[in-house]
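**Q** This is the structure I want to talk about, given as structure tokens.
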Amino acid sequence: MALEIYLDLFSQPCRSVYIFAKKNNIPFEFKKISLLEGHQYGEDFGKINMMRKAPAIRDGDFCLAESVAIMQYLAEKFQTPAHWYPSDLQQRARVNEYLSWQHMAIRMHGSKIFWLRLLIPKIMGVEVPQDKMDAALEDLNGSLKLVEDKFLQDRPFIAGEQVSLADLVAIVEIMQPVGSGLDVFESRPRLAAWRERVRVAVGTELFDEAHKDILAAQEMVKNMDASKMQVFKPKILKLFL
Amino acid sequence: AAGRENMELYLDLHSQPCRSVYLLAKRTGIPFTFKSVDLSAGQQFGEDFGKVSVVRKVPAMKDGDFILTESVAILQYMVEKFPQLVPGHWYPSDLQRRALVNEFLSWQHTALRAHGSKVFWFRVGLPPLPRVAVPKEKMDSALEDLKQTMDLFQSKFLKDSSFIAGEEVSLADLVAIVEIMQPVGTGLDVFEGQPALSAWRERVKKVIGEELFDEAHQSIMNVDCLAKTFQDNGMLEFLKPRINKMFT
């Protein structure tokens, strides 16, 4: 049975896994799921990943969730070029450090901005209070500053001279607030230059293809049926408001 | 090697990720110098520690000129650097077993760690959120989140195995146990009425060594005085906004 990868390209961690697999010509079956339509709550998907999240893979009878774990697995199994997950002790540590830090930093802050700017107004029918928006923006700016000042510094990529899983995971998360209409690169030339390097390293066509949906998010969300998304209300109230 | 400086580990054992790093190093005999960073005195915001880590968090590792943050990365680094000291089961080389460890190490950030920490702070009752001032629905919600996370931990990550990756302990169990012990330190016995979870805890404790485990958890099991310690150190006003951010 072919490797199955369950993906929704609106989701940042799905994009990193998708780009990684395609760039490395890993053969897989793209199993499309729509998170906003609630496919993750279906019975079938529950058998793949009981945590009800994407991405997830099924490789024979082995199921795995968590994009970082999935890419580490694929890198090892398919012996992808070493720069993706370097074997040098310190370079690998730099990659691992970023992959760990990002969960409760850029991922959390970028996701929040996307929800506050686009999804919450749509689902709840109200704009988010300005103080909450300002606080979320401050957090995002703080994370972006650390990406630039600590993780990149004057290096072309996070681990050094070549692109790695760290850059891939970083870029897909940073693209999320961009999809909500917030151009975080506009006032950050160093970050923009890094983005271009990553885009070229993975392949501009592949990068743009993977980000097509998220960059069309504003239009897409506008046309969504809010009544079908009410299942997210309790989560929104709990997490964001 | 003779003349080589020891690795420095910047730690405060009140912090879960500091405990996992400490436990692995001590258990496997990795030579290191314990550099204390007193979080209750705000030392992570001081000038000295700022030279070590701009992120202002513990744990941090300094190995010669090489500085590393993030406990998961530090644990992985130690395993890789000291193969003669750290048995392979801590981070198995088998593809699927390693994937199970990595899956847990990734998931735990926003699950066990996030919810365990939140319950910890709510129950410690640290000003500006003294325990009595935590709204009931927020406390209940935090406890419910922790319960759901613990249920998921058991049903997905432990299942019927002795340990997360199978029959041998790994970094995953180490990271799991220190996070679970955080709310326990406040007197919330998450193991009560959970025989499978308790059995797993005993297995992990046994591998680590009961004495070492208890030593590492000594400060967290005495958190009643934590609020007063912050107050005595004159840190409350300085830490207020930072603590506030954790709950909003």
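Labels for the structure tokens follow display order: chains A, B, ..., residues from 1 in each chain, ligands from 1.
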Applying 8 Å and only C-alpha atoms, which residues near region 13-21 of chain A remain after dropping the ones on its own chain fewer than 3 positions away? List them as a list in words.
**A**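 Within the cut-off, the hits are Leu7, Asp8, Leu9, Phe10, Asn24, Asn25, Ile26, Pro27, Phe28, Ala54, Pro55, Glu66, Ser67, Ile70, Met71, Leu74, Leu168, Val169, Val172, Glu173, Val202, Leu206, Phe207, Ala210 and His211 of chain A.
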**Q** For the selection you just gave me, I'd like the residues written to a file as a compact mmCIF listing (two decimals), in the first residue's frame, keeping N, CA, C and O atoms.
**A**
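Full text of part35.txt as output:
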```txt
# COMPACT_ATOMS: atom_id res chain seq x y z
N LEU A 7 -3.82 15.75 4.16
CA LEU A 7 -3.43 17.15 4.12
C LEU A 7 -4.58 18.11 3.85
O LEU A 7 -5.50 17.81 3.09
N ASP A 8 -4.47 19.28 4.46
CA ASP A 8 -5.29 20.42 4.10
C ASP A 8 -4.31 21.58 3.98
O ASP A 8 -3.71 21.99 4.99
N LEU A 9 -4.11 22.09 2.80
CA LEU A 9 -3.05 23.09 2.59
C LEU A 9 -3.34 24.46 3.21
O LEU A 9 -2.50 25.34 3.15
N PHE A 10 -4.52 24.61 3.85
CA PHE A 10 -4.76 25.81 4.65
C PHE A 10 -3.91 25.75 5.91
O PHE A 10 -3.65 26.75 6.54
N ASN A 24 11.31 16.25 -2.51
CA ASN A 24 12.19 15.08 -2.48
C ASN A 24 11.67 13.90 -3.28
O ASN A 24 12.18 12.78 -3.15
N ASN A 25 10.66 14.16 -4.08
CA ASN A 25 10.09 13.12 -4.95
C ASN A 25 9.69 11.86 -4.19
O ASN A 25 9.86 10.74 -4.67
N ILE A 26 9.17 12.04 -2.99
CA ILE A 26 8.70 10.91 -2.20
C ILE A 26 7.33 10.51 -2.74
O ILE A 26 6.43 11.35 -2.83
N PRO A 27 7.18 9.25 -3.14
CA PRO A 27 5.89 8.84 -3.71
C PRO A 27 4.83 8.74 -2.61
O PRO A 27 5.05 8.10 -1.59
N PHE A 28 3.70 9.43 -2.84
CA PHE A 28 2.64 9.35 -1.85
C PHE A 28 1.30 9.64 -2.49
O PHE A 28 1.21 10.24 -3.56
N ALA A 54 -4.41 17.44 11.36
CA ALA A 54 -3.62 17.22 10.15
C ALA A 54 -2.33 18.01 10.30
O ALA A 54 -2.31 19.02 11.00
N PRO A 55 -1.25 17.56 9.68
CA PRO A 55 -1.15 16.39 8.82
C PRO A 55 -1.08 15.07 9.60
O PRO A 55 -0.82 15.06 10.79
N GLU A 66 1.81 14.75 13.71
CA GLU A 66 2.83 15.76 14.03
C GLU A 66 3.82 15.98 12.87
O GLU A 66 4.68 15.13 12.60
N SER A 67 3.71 17.15 12.24
CA SER A 67 4.50 17.42 11.04
C SER A 67 6.01 17.25 11.27
O SER A 67 6.71 16.71 10.41
N ILE A 70 6.73 13.61 11.32
CA ILE A 70 6.51 13.06 9.98
C ILE A 70 7.70 13.35 9.08
O ILE A 70 8.22 12.46 8.39
N MET A 71 8.18 14.59 9.10
CA MET A 71 9.31 14.94 8.23
C MET A 71 10.59 14.25 8.67
O MET A 71 11.40 13.83 7.84
N LEU A 74 10.19 10.73 7.31
CA LEU A 74 10.35 10.66 5.85
C LEU A 74 11.82 10.90 5.46
O LEU A 74 12.34 10.24 4.55
N LEU A 168 11.83 25.40 6.48
CA LEU A 168 10.56 24.98 5.89
C LEU A 168 9.42 25.18 6.89
O LEU A 168 8.38 25.77 6.56
N VAL A 169 9.65 24.72 8.12
CA VAL A 169 8.64 24.86 9.16
C VAL A 169 8.42 26.35 9.47
O VAL A 169 7.29 26.79 9.67
N VAL A 172 6.34 28.26 6.42
CA VAL A 172 4.90 27.98 6.27
C VAL A 172 4.10 28.65 7.38
O VAL A 172 2.97 29.05 7.19
N GLU A 173 4.71 28.77 8.56
CA GLU A 173 4.02 29.43 9.68
C GLU A 173 3.94 30.93 9.44
O GLU A 173 2.92 31.55 9.71
N VAL A 202 13.34 25.49 -2.31
CA VAL A 202 12.35 24.40 -2.46
C VAL A 202 11.82 24.34 -3.88
O VAL A 202 11.24 23.33 -4.27
N LEU A 206 6.74 25.00 -6.74
CA LEU A 206 6.21 24.17 -5.66
C LEU A 206 5.79 25.04 -4.49
O LEU A 206 4.70 24.86 -3.93
N PHE A 207 6.62 26.00 -4.13
CA PHE A 207 6.31 26.89 -3.01
C PHE A 207 5.01 27.65 -3.28
O PHE A 207 4.12 27.70 -2.42
N ALA A 210 1.93 25.35 -3.20
CA ALA A 210 1.55 24.97 -1.83
C ALA A 210 0.84 26.11 -1.11
O ALA A 210 -0.01 25.88 -0.24
N HIS A 211 1.18 27.34 -1.48
CA HIS A 211 0.62 28.50 -0.78
C HIS A 211 -0.53 29.16 -1.52
O HIS A 211 -1.04 30.19 -1.07
```
**Q** Using only C-alpha atoms, which residues sit within 8 Å of Ile57 (chain A) once same-chain residues fewer than 2 positions away are excluded, as a list of chain:residue names?
**A**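 After dropping sequence-adjacent residues, the list is A:Leu3, A:Glu4, A:Ile5, A:Tyr6, A:Ile48, A:Pro55, A:Asp59, A:Cys63, A:Leu64, A:Ala65, A:Ile70.
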**Q** Just to be explicit: take each residue in the selection above, keep all heavy atoms, and write the result as a compact mmCIF listing (two decimals), in the first residue's frame.
**A**
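Just written: selection_32.txt:
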```txt
# COMPACT_ATOMS: atom_id res chain seq x y z
N LEU A 3 2.20 5.08 0.55
CA LEU A 3 2.21 6.03 1.65
C LEU A 3 1.08 7.02 1.44
O LEU A 3 0.95 7.59 0.36
CB LEU A 3 3.56 6.77 1.66
CG LEU A 3 3.71 8.01 2.55
CD1 LEU A 3 3.71 7.60 4.01
CD2 LEU A 3 5.00 8.74 2.20
N GLU A 4 0.23 7.17 2.44
CA GLU A 4 -0.86 8.14 2.35
C GLU A 4 -0.53 9.32 3.24
O GLU A 4 -0.13 9.14 4.39
CB GLU A 4 -2.17 7.53 2.85
CG GLU A 4 -2.68 6.37 2.02
CD GLU A 4 -3.90 5.71 2.65
OE1 GLU A 4 -4.20 5.95 3.83
OE2 GLU A 4 -4.54 4.91 1.93
N ILE A 5 -0.71 10.53 2.69
CA ILE A 5 -0.49 11.73 3.50
C ILE A 5 -1.78 12.54 3.51
O ILE A 5 -2.27 12.93 2.45
CB ILE A 5 0.69 12.58 2.99
CG1 ILE A 5 1.95 11.73 2.82
CG2 ILE A 5 0.96 13.73 3.97
CD1 ILE A 5 3.21 12.53 2.45
N TYR A 6 -2.33 12.75 4.69
CA TYR A 6 -3.60 13.45 4.85
C TYR A 6 -3.32 14.93 5.07
O TYR A 6 -2.65 15.31 6.03
CB TYR A 6 -4.37 12.84 6.04
CG TYR A 6 -4.86 11.44 5.74
CD1 TYR A 6 -3.98 10.36 5.75
CD2 TYR A 6 -6.20 11.20 5.39
CE1 TYR A 6 -4.41 9.08 5.42
CE2 TYR A 6 -6.63 9.93 5.08
CZ TYR A 6 -5.73 8.88 5.08
OH TYR A 6 -6.16 7.61 4.76
N ILE A 48 -7.00 7.05 11.57
CA ILE A 48 -5.64 7.44 11.16
C ILE A 48 -4.98 8.23 12.29
O ILE A 48 -3.83 8.01 12.64
CB ILE A 48 -5.68 8.34 9.90
CG1 ILE A 48 -6.50 7.71 8.79
CG2 ILE A 48 -4.27 8.71 9.45
CD1 ILE A 48 -5.88 6.51 8.15
N PRO A 55 -1.25 17.56 9.68
CA PRO A 55 -1.15 16.39 8.82
C PRO A 55 -1.08 15.07 9.60
O PRO A 55 -0.82 15.06 10.79
CB PRO A 55 0.18 16.63 8.10
CG PRO A 55 1.02 17.37 9.09
CD PRO A 55 0.05 18.28 9.82
N ASP A 59 1.56 4.77 6.62
CA ASP A 59 2.59 4.10 5.83
C ASP A 59 2.47 2.61 6.11
O ASP A 59 3.00 2.10 7.10
CB ASP A 59 3.98 4.62 6.21
CG ASP A 59 5.06 4.14 5.27
OD1 ASP A 59 4.72 3.63 4.18
OD2 ASP A 59 6.26 4.26 5.61
N CYS A 63 0.76 4.48 11.43
CA CYS A 63 0.19 5.82 11.37
C CYS A 63 1.02 6.78 12.20
O CYS A 63 1.53 6.41 13.27
CB CYS A 63 -1.25 5.82 11.89
SG CYS A 63 -2.38 4.92 10.83
N LEU A 64 1.15 7.99 11.74
CA LEU A 64 1.96 8.98 12.46
C LEU A 64 1.37 10.36 12.29
O LEU A 64 0.90 10.73 11.20
CB LEU A 64 3.40 8.96 11.91
CG LEU A 64 4.47 9.76 12.65
CD1 LEU A 64 4.71 9.19 14.04
CD2 LEU A 64 5.77 9.77 11.86
N ALA A 65 1.35 11.13 13.37
CA ALA A 65 0.91 12.51 13.33
C ALA A 65 2.08 13.43 13.68
O ALA A 65 3.18 12.95 13.95
CB ALA A 65 -0.23 12.72 14.31
N ILE A 70 6.73 13.61 11.32
CA ILE A 70 6.51 13.06 9.98
C ILE A 70 7.70 13.35 9.08
O ILE A 70 8.22 12.46 8.39
CB ILE A 70 5.21 13.60 9.36
CG1 ILE A 70 3.99 13.04 10.10
CG2 ILE A 70 5.13 13.27 7.87
CD1 ILE A 70 2.66 13.70 9.73
```
**Q** Using only C-alpha atoms, pick whichever of A:Leu89, A:Met133, A:Leu140, A:Met124 has the shortest atom-to-atom distance to chain B.
**A**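 Checking each of A:Leu89, A:Met133, A:Leu140, A:Met124 against chain B, counting only C-alpha atoms, the winner is A:Leu89.
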**Q** Let me make sure I understand: among A:Phe232, A:Trp115, A:Phe185, A:Phe62, which one has the smallest atom-to-atom distance to chain B if we use only C-alpha atoms?
**A**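 The shortest atom-to-atom distance to chain B comes from A:Phe62.
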**Q** At a cut-off of 9 Å, which residues of chain A touch chain B? Count only C-alpha atoms and give the answer as a PyMOL selection string.
**A** chain A and resi 50-51+62+64-70+72-73+76-77+89-90+92-101+103-104+146+150+238-241
**Q** Write the selection just made, keeping C-alpha atoms, as a PDB file, in the first residue's frame?
**A**
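Contents of the output file again_16.pdb:
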```pdb
ATOM      1  CA  MET A  50      -7.215   9.997  17.059  1.00  0.00           C
ATOM      2  CA  MET A  51      -5.929  13.471  17.863  1.00  0.00           C
ATOM      3  CA  PHE A  62       2.013   2.581  10.624  1.00  0.00           C
ATOM      4  CA  LEU A  64       1.961   8.978  12.455  1.00  0.00           C
ATOM      5  CA  ALA A  65       0.907  12.515  13.326  1.00  0.00           C
ATOM      6  CA  GLU A  66       2.831  15.761  14.028  1.00  0.00           C
ATOM      7  CA  SER A  67       4.504  17.423  11.037  1.00  0.00           C
ATOM      8  CA  VAL A  68       7.939  17.549  12.693  1.00  0.00           C
ATOM      9  CA  ALA A  69       7.863  13.824  13.458  1.00  0.00           C
ATOM     10  CA  ILE A  70       6.513  13.057   9.984  1.00  0.00           C
ATOM     11  CA  GLN A  72      11.966  13.394  10.469  1.00  0.00           C
ATOM     12  CA  TYR A  73      10.499   9.975   9.587  1.00  0.00           C
ATOM     13  CA  GLU A  76      15.228   8.980   7.419  1.00  0.00           C
ATOM     14  CA  LYS A  77      13.134   6.493   5.477  1.00  0.00           C
ATOM     15  CA  LEU A  89      25.925  17.625  15.874  1.00  0.00           C
ATOM     16  CA  GLN A  90      25.704  21.396  16.162  1.00  0.00           C
ATOM     17  CA  ARG A  92      21.270  19.388  13.803  1.00  0.00           C
ATOM     18  CA  ALA A  93      20.939  20.962  17.238  1.00  0.00           C
ATOM     19  CA  ARG A  94      20.188  24.331  15.591  1.00  0.00           C
ATOM     20  CA  VAL A  95      17.430  22.669  13.545  1.00  0.00           C
ATOM     21  CA  ASN A  96      16.027  20.813  16.573  1.00  0.00           C
ATOM     22  CA  GLU A  97      16.126  23.993  18.634  1.00  0.00           C
ATOM     23  CA  TYR A  98      14.010  25.849  16.100  1.00  0.00           C
ATOM     24  CA  LEU A  99      11.594  22.944  15.586  1.00  0.00           C
ATOM     25  CA  SER A 100      11.005  22.839  19.339  1.00  0.00           C
ATOM     26  CA  TRP A 101      10.764  26.597  19.965  1.00  0.00           C
ATOM     27  CA  HIS A 103       5.320  25.388  18.585  1.00  0.00           C
ATOM     28  CA  MET A 104       4.589  27.894  21.345  1.00  0.00           C
ATOM     29  CA  LEU A 146      13.486  36.241  17.476  1.00  0.00           C
ATOM     30  CA  LYS A 150      18.321  34.607  17.135  1.00  0.00           C
ATOM     31  CA  LYS A 238     -12.250  29.369  24.803  1.00  0.00           C
ATOM     32  CA  LEU A 239      -9.012  30.036  22.991  1.00  0.00           C
ATOM     33  CA  PHE A 240      -9.265  33.544  21.679  1.00  0.00           C
ATOM     34  CA  LEU A 241     -12.009  35.593  23.291  1.00  0.00           C
TER      35      LEU A 241
END
```
**Q** Would you pick out the contacts of Lys233 (chain A) at 12 Å or less, using only C-alpha atoms, so that residues sharing its chain but fewer than 2 positions from it are not included, and give the list as a list in words?
**A** Trp115, Leu119, Ile120, Pro121, Lys122, Ile123, Met124, Gly125, Ala226, Ser227, Lys228, Met229, Gln230, Val231, Lys235, Ile236, Leu237, Lys238, Leu239, Phe240 and Leu241 of chain A
**Q** Region 99-142 of chain B: which residues are alpha helix (DSSP H) by DSSP, as a ChimeraX atom specification?
**A** /B:99-107,112-124,136-142
**Q** Can I get the selected residues back with N, CA and C atoms, as a compact mmCIF listing (two decimals), in the first residue's frame?
**A**
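What landed in selection-v5.txt:
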```txt
# COMPACT_ATOMS: atom_id res chain seq x y z
N ALA B 99 10.12 7.49 15.55
CA ALA B 99 8.99 8.32 15.12
C ALA B 99 7.99 8.50 16.26
N LEU B 100 7.74 7.44 17.03
CA LEU B 100 6.81 7.54 18.15
C LEU B 100 7.34 8.50 19.22
N VAL B 101 8.64 8.46 19.45
CA VAL B 101 9.25 9.39 20.41
C VAL B 101 9.11 10.82 19.88
N ASN B 102 9.46 11.02 18.61
CA ASN B 102 9.37 12.36 18.01
C ASN B 102 7.95 12.88 18.00
N GLU B 103 7.01 12.00 17.73
CA GLU B 103 5.60 12.39 17.70
C GLU B 103 5.18 12.94 19.06
N PHE B 104 5.55 12.22 20.12
CA PHE B 104 5.21 12.70 21.46
C PHE B 104 5.93 14.02 21.78
N LEU B 105 7.22 14.07 21.49
CA LEU B 105 8.01 15.27 21.82
C LEU B 105 7.45 16.51 21.12
N SER B 106 6.85 16.32 19.94
CA SER B 106 6.26 17.43 19.21
C SER B 106 4.91 17.80 19.81
N TRP B 107 4.07 16.79 20.03
CA TRP B 107 2.71 17.00 20.52
C TRP B 107 2.68 17.67 21.89
N LEU B 112 0.27 18.44 26.98
CA LEU B 112 0.65 18.20 28.38
C LEU B 112 1.33 19.40 29.00
N ARG B 113 2.29 19.97 28.25
CA ARG B 113 3.07 21.10 28.79
C ARG B 113 2.20 22.31 29.02
N ALA B 114 1.43 22.66 28.02
CA ALA B 114 0.60 23.87 28.10
C ALA B 114 -0.44 23.74 29.21
N HIS B 115 -1.15 22.62 29.23
CA HIS B 115 -2.25 22.48 30.19
C HIS B 115 -1.75 22.22 31.60
N GLY B 116 -0.68 21.44 31.71
CA GLY B 116 -0.08 21.18 33.02
C GLY B 116 0.43 22.46 33.65
N SER B 117 1.09 23.28 32.85
CA SER B 117 1.62 24.56 33.33
C SER B 117 0.51 25.47 33.80
N LYS B 118 -0.54 25.55 33.00
CA LYS B 118 -1.65 26.44 33.31
C LYS B 118 -2.30 26.05 34.64
N VAL B 119 -2.58 24.78 34.81
CA VAL B 119 -3.17 24.31 36.07
C VAL B 119 -2.22 24.61 37.22
N PHE B 120 -0.93 24.41 36.99
CA PHE B 120 0.07 24.70 38.02
C PHE B 120 -0.03 26.14 38.48
N TRP B 121 0.02 27.08 37.55
CA TRP B 121 0.00 28.51 37.92
C TRP B 121 -1.32 28.89 38.57
N PHE B 122 -2.43 28.38 38.05
CA PHE B 122 -3.73 28.70 38.65
C PHE B 122 -3.79 28.21 40.09
N ARG B 123 -3.25 27.01 40.34
CA ARG B 123 -3.36 26.43 41.69
C ARG B 123 -2.31 26.98 42.65
N VAL B 124 -1.17 27.39 42.15
CA VAL B 124 -0.17 28.01 43.02
C VAL B 124 -0.71 29.32 43.54
N LYS B 136 -14.03 30.67 38.57
CA LYS B 136 -14.30 29.24 38.63
C LYS B 136 -14.32 28.60 37.25
N GLU B 137 -14.94 29.30 36.28
CA GLU B 137 -15.04 28.66 34.96
C GLU B 137 -13.67 28.52 34.31
N LYS B 138 -12.76 29.45 34.63
CA LYS B 138 -11.41 29.34 34.06
C LYS B 138 -10.66 28.17 34.70
N MET B 139 -10.82 28.04 36.02
CA MET B 139 -10.17 26.94 36.73
C MET B 139 -10.72 25.60 36.24
N ASP B 140 -12.05 25.52 36.15
CA ASP B 140 -12.69 24.28 35.70
C ASP B 140 -12.26 23.94 34.28
N SER B 141 -12.22 24.95 33.43
CA SER B 141 -11.83 24.76 32.05
C SER B 141 -10.39 24.25 31.94
N ALA B 142 -9.50 24.82 32.75
CA ALA B 142 -8.11 24.40 32.73
C ALA B 142 -7.97 22.96 33.22
```
**Q** Name the residues in contact with Ser20 (chain B) at a cut-off of 7 Å, using only C-alpha atoms, excluding same-chain residues fewer than 6 positions from it; report them as a ChimeraX atom specification.
**A** /B:174-175,178
**Q** Expressed in Å to a single decimal, how great is the separation between CA of Lys62 (chain B) and CA of Val86 (chain B)?
**A** 19.0 Å
**Q** Residues near Val147 (chain A), anyone? I mean within 10 Å using only C-alpha atoms, not counting same-chain ones fewer than 2 positions away, as number ranges by chain.
**A** A: 98, 102, 105-106, 141-145, 149-153, 158, 170, 191
**Q** Write the residues of the preceding selection, restricted to all heavy atoms, as a short mmCIF file (atom, residue, chain, number, x, y, z; two decimals), in the first residue's frame.
**A**
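Wrote it out as part26.cif, contents follow:
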```cif
data_model
loop_
_atom_site.label_atom_id
_atom_site.label_comp_id
_atom_site.auth_asym_id
_atom_site.auth_seq_id
_atom_site.Cartn_x
_atom_site.Cartn_y
_atom_site.Cartn_z
N TYR A 98 15.08 25.08 16.75
CA TYR A 98 14.01 25.85 16.10
C TYR A 98 12.71 25.05 16.07
O TYR A 98 11.64 25.56 16.40
CB TYR A 98 14.37 26.27 14.65
CG TYR A 98 13.26 27.12 14.12
CD1 TYR A 98 13.20 28.49 14.44
CD2 TYR A 98 12.21 26.57 13.39
CE1 TYR A 98 12.13 29.26 14.04
CE2 TYR A 98 11.13 27.35 12.98
CZ TYR A 98 11.10 28.69 13.32
OH TYR A 98 10.03 29.47 12.94
N GLN A 102 9.37 26.71 17.99
CA GLN A 102 8.33 27.30 17.16
C GLN A 102 6.89 26.95 17.57
O GLN A 102 5.97 27.74 17.32
CB GLN A 102 8.56 26.91 15.69
CG GLN A 102 8.61 25.43 15.40
CD GLN A 102 7.27 24.85 14.97
OE1 GLN A 102 6.41 25.56 14.45
NE2 GLN A 102 7.08 23.57 15.18
N ALA A 105 5.56 29.54 19.89
CA ALA A 105 5.99 30.89 19.53
C ALA A 105 5.37 31.27 18.19
O ALA A 105 4.19 31.56 18.13
CB ALA A 105 7.51 30.96 19.50
N ILE A 106 6.15 31.20 17.12
CA ILE A 106 5.66 31.68 15.84
C ILE A 106 4.40 30.95 15.39
O ILE A 106 3.47 31.55 14.83
CB ILE A 106 6.78 31.63 14.76
CG1 ILE A 106 6.39 32.47 13.55
CG2 ILE A 106 7.11 30.22 14.34
CD1 ILE A 106 6.61 33.94 13.73
N ASN A 141 5.00 39.99 16.48
CA ASN A 141 6.21 40.78 16.21
C ASN A 141 7.38 40.32 17.05
O ASN A 141 8.52 40.27 16.58
CB ASN A 141 5.93 42.28 16.47
CG ASN A 141 5.04 42.88 15.39
OD1 ASN A 141 4.98 42.37 14.27
ND2 ASN A 141 4.34 43.95 15.73
N GLY A 142 7.09 39.94 18.30
CA GLY A 142 8.14 39.42 19.18
C GLY A 142 8.75 38.14 18.64
O GLY A 142 9.97 37.96 18.64
N SER A 143 7.89 37.26 18.17
CA SER A 143 8.38 36.00 17.59
C SER A 143 9.17 36.23 16.32
O SER A 143 10.22 35.61 16.10
CB SER A 143 7.21 35.06 17.29
OG SER A 143 6.78 34.42 18.47
N LEU A 144 8.67 37.13 15.47
CA LEU A 144 9.37 37.41 14.22
C LEU A 144 10.75 38.01 14.50
O LEU A 144 11.73 37.71 13.81
CB LEU A 144 8.54 38.37 13.34
CG LEU A 144 7.30 37.74 12.71
CD1 LEU A 144 6.42 38.81 12.06
CD2 LEU A 144 7.69 36.70 11.66
N LYS A 145 10.82 38.82 15.55
CA LYS A 145 12.10 39.42 15.93
C LYS A 145 13.10 38.33 16.33
O LYS A 145 14.27 38.38 15.96
CB LYS A 145 11.88 40.41 17.07
CG LYS A 145 13.11 41.24 17.40
CD LYS A 145 12.79 42.39 18.36
CE LYS A 145 13.89 43.44 18.38
NZ LYS A 145 15.23 42.90 18.69
N ASP A 149 16.61 37.72 14.81
CA ASP A 149 17.77 38.04 15.64
C ASP A 149 18.46 36.83 16.25
O ASP A 149 19.65 36.86 16.53
CB ASP A 149 17.38 38.99 16.78
CG ASP A 149 16.93 40.34 16.26
OD1 ASP A 149 17.15 40.61 15.05
OD2 ASP A 149 16.36 41.11 17.04
N LYS A 150 17.69 35.77 16.50
CA LYS A 150 18.32 34.61 17.13
C LYS A 150 18.52 33.45 16.15
O LYS A 150 19.60 32.88 16.07
CB LYS A 150 17.49 34.10 18.32
CG LYS A 150 18.07 32.80 18.87
CD LYS A 150 17.23 32.14 19.93
CE LYS A 150 17.64 30.68 20.12
NZ LYS A 150 19.05 30.47 20.51
N PHE A 151 17.47 33.13 15.41
CA PHE A 151 17.56 31.90 14.61
C PHE A 151 18.26 32.11 13.27
O PHE A 151 18.92 31.21 12.78
CB PHE A 151 16.17 31.29 14.45
CG PHE A 151 15.62 30.75 15.74
CD1 PHE A 151 14.67 31.46 16.46
CD2 PHE A 151 16.07 29.54 16.25
CE1 PHE A 151 14.18 30.98 17.67
CE2 PHE A 151 15.59 29.04 17.46
CZ PHE A 151 14.65 29.77 18.17
N LEU A 152 18.08 33.29 12.68
CA LEU A 152 18.74 33.55 11.40
C LEU A 152 20.07 34.28 11.59
O LEU A 152 21.10 33.87 11.07
CB LEU A 152 17.83 34.37 10.49
CG LEU A 152 16.81 33.58 9.68
CD1 LEU A 152 15.88 34.51 8.91
CD2 LEU A 152 17.53 32.66 8.69
N GLN A 153 20.02 35.38 12.31
CA GLN A 153 21.18 36.27 12.46
C GLN A 153 21.70 36.62 11.08
O GLN A 153 20.93 37.02 10.22
CB GLN A 153 22.23 35.65 13.37
CG GLN A 153 21.73 35.56 14.82
CD GLN A 153 22.72 34.86 15.73
OE1 GLN A 153 23.93 34.98 15.58
NE2 GLN A 153 22.20 34.13 16.70
N ILE A 158 18.61 28.94 8.67
CA ILE A 158 18.66 28.77 10.13
C ILE A 158 19.85 27.92 10.57
O ILE A 158 20.53 28.23 11.55
CB ILE A 158 17.32 28.21 10.66
CG1 ILE A 158 16.24 29.29 10.53
CG2 ILE A 158 17.45 27.76 12.11
CD1 ILE A 158 14.82 28.80 10.80
N ALA A 170 9.50 27.11 9.46
CA ALA A 170 9.38 28.55 9.75
C ALA A 170 8.57 29.26 8.67
O ALA A 170 7.65 30.03 8.99
CB ALA A 170 10.76 29.18 9.86
N LEU A 191 14.13 39.42 6.51
CA LEU A 191 13.22 38.28 6.51
C LEU A 191 12.72 37.98 5.09
O LEU A 191 12.62 36.83 4.67
CB LEU A 191 12.04 38.54 7.45
CG LEU A 191 11.31 37.31 7.98
CD1 LEU A 191 12.20 36.50 8.91
CD2 LEU A 191 10.03 37.72 8.70
#
```
**Q** So the first atom is CA of Gln16 (chain B) and the second is CA of Gln182 (chain B); what is the distance between them in Å, to one decimal place?
**A** 6.9 Å
**Q** With only C-alpha atoms as the counted atoms, please give the residues lying no more than 10 Å from Gln231 (chain B), apart from itself and same-chain residues fewer than 4 positions off, as a list in words.
**A**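 The neighbour list is Ser40, Ala41, Leu126, Pro127, Cys225, Leu226, Ala227, Met235, Leu236 and Glu237 of chain B.
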**Q** Please provide the set of residues having any atom within 8 Å of Gln91 (chain A), restricted to only C-alpha atoms, with same-chain residues fewer than 5 positions apart removed, written as a list of chain:residue names.
**A** A:Pro86, A:Ala159, A:Gly160
**Q** Let me make sure I understand: among A:Pro177, A:Gly42, A:Pro156, A:Gly110, which one has the smallest atom-to-atom distance to Ile214 (chain A) if we use only C-alpha atoms?
**A**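 Residue with the minimum atom-to-atom distance to Ile214 (chain A): A:Pro177.
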